[in-house]
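Heads up, the thing below is written out as structure tokens.
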Amino acid sequence: MTSQTDLAALLCSRLCHDMLSPVGALSNGLELLADEQDPEMRKRCIELLEQSAKISTDKLKFFRLAFGAAGGFGDNVPVEEAQEVIGALAGDNKRIELNWAIGENSLPKPAVKVLLNLSQIALEALVRGGTLDIGAEKLDGNVEIVARATGKKIAFDETIGHALQGEVSAAEVTSRTAAAHMVALLAEELGGGLQYALGEGSLVLGAVIPEPEGMIG
């Protein structure tokens, strides 16, 4: 089993990797802006800086909710907050249509973490665009979650799927599979489980997460 410190290090590596591009673009943009004298080019530099700043902010908001422990693991999270961060990530790709099917106003924080991570995995699989459908409902003391990606090309490393199902060894847990491994551990601790199904032009990620005691009803 991967140690907690190793998992934390792998997650940090993943976060740093994801932030490197937009933060690097900010740095490059500032250098260009300092040397550029043409008003139109300076305007373009500022636009690129604003875009990179937004992407950085969107990613940090996602990381905070998907991986952070702010407020503890026992609190409910407004569904609107989860929709906002996923909507921002999906909004960077104009070729992706995002659909929601969540009737609840709020969900337990562990379920939200699973929902966000499954949504990001499905989103990343849509390398040529497509549709991302995200649904969740409370049923018989559980939160059932599904993220479905459909498109002309689905790019999905099934090692991530195996990590979601708890089927990877410690040696196979890398920065690429760390997030999937983390939510698999979270689901296992709560008595739930995750699964995936990869087909021609589609990827379905699902989860059943028991509601924490005291929140049922």
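Chain identifiers are assigned as A, B, and so on, following the order in which chains appear in the structure tokens; residues are numbered from 1 within each chain, and ligands are numbered from 1 in order of appearance.
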field: Residues near Gly151 (chain A), cut-off 12 Å, only C-alpha atoms, skip fewer than 3 positions along chain, as an NGL selection string
entry: :A and (95-97 or 122-133 or 148 or 154-155 or 199-204)
task: Please give the complete set of residues from region 14-176 of chain A that DSSP, run on the backbone, assigns to strand (DSSP E), formatted as JSON, numbers by chain.
output: {"A": [76, 77, 78, 96, 97, 98, 99, 100, 101, 102, 106, 107, 108, 130, 131, 132, 133, 134, 135, 136, 137, 138, 139, 142, 143, 144, 145, 146, 147, 148, 149, 150]}
task: Find the residue from A:Thr57, A:Ser27, A:Asn76, A:Asn105 that sits nearest to Ala88 (chain A); use only C-alpha atoms when measuring.
output: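 Result for the nearest residue to Ala88 (chain A): A:Thr57.
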task: Could you give me, as a list in words, the residues within 10 Å of region 167-170 of chain A, counting only C-alpha atoms and dropping anything in the same chain fewer than 2 positions from it?
output: Met1, Thr2, Ser3, Asp6, Leu7, Thr159, Ile160, Gly161, His162, Ala163, Leu164, Gln165, Glu172, Val173, Thr174, Thr177, His181 and Ala184 of chain A
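Considering only C-alpha atoms, the residue among A:Gln195, A:Thr150, A:Asn117, A:Ser56 positioned nearest to Asp18 (chain A) is A:Ser56.
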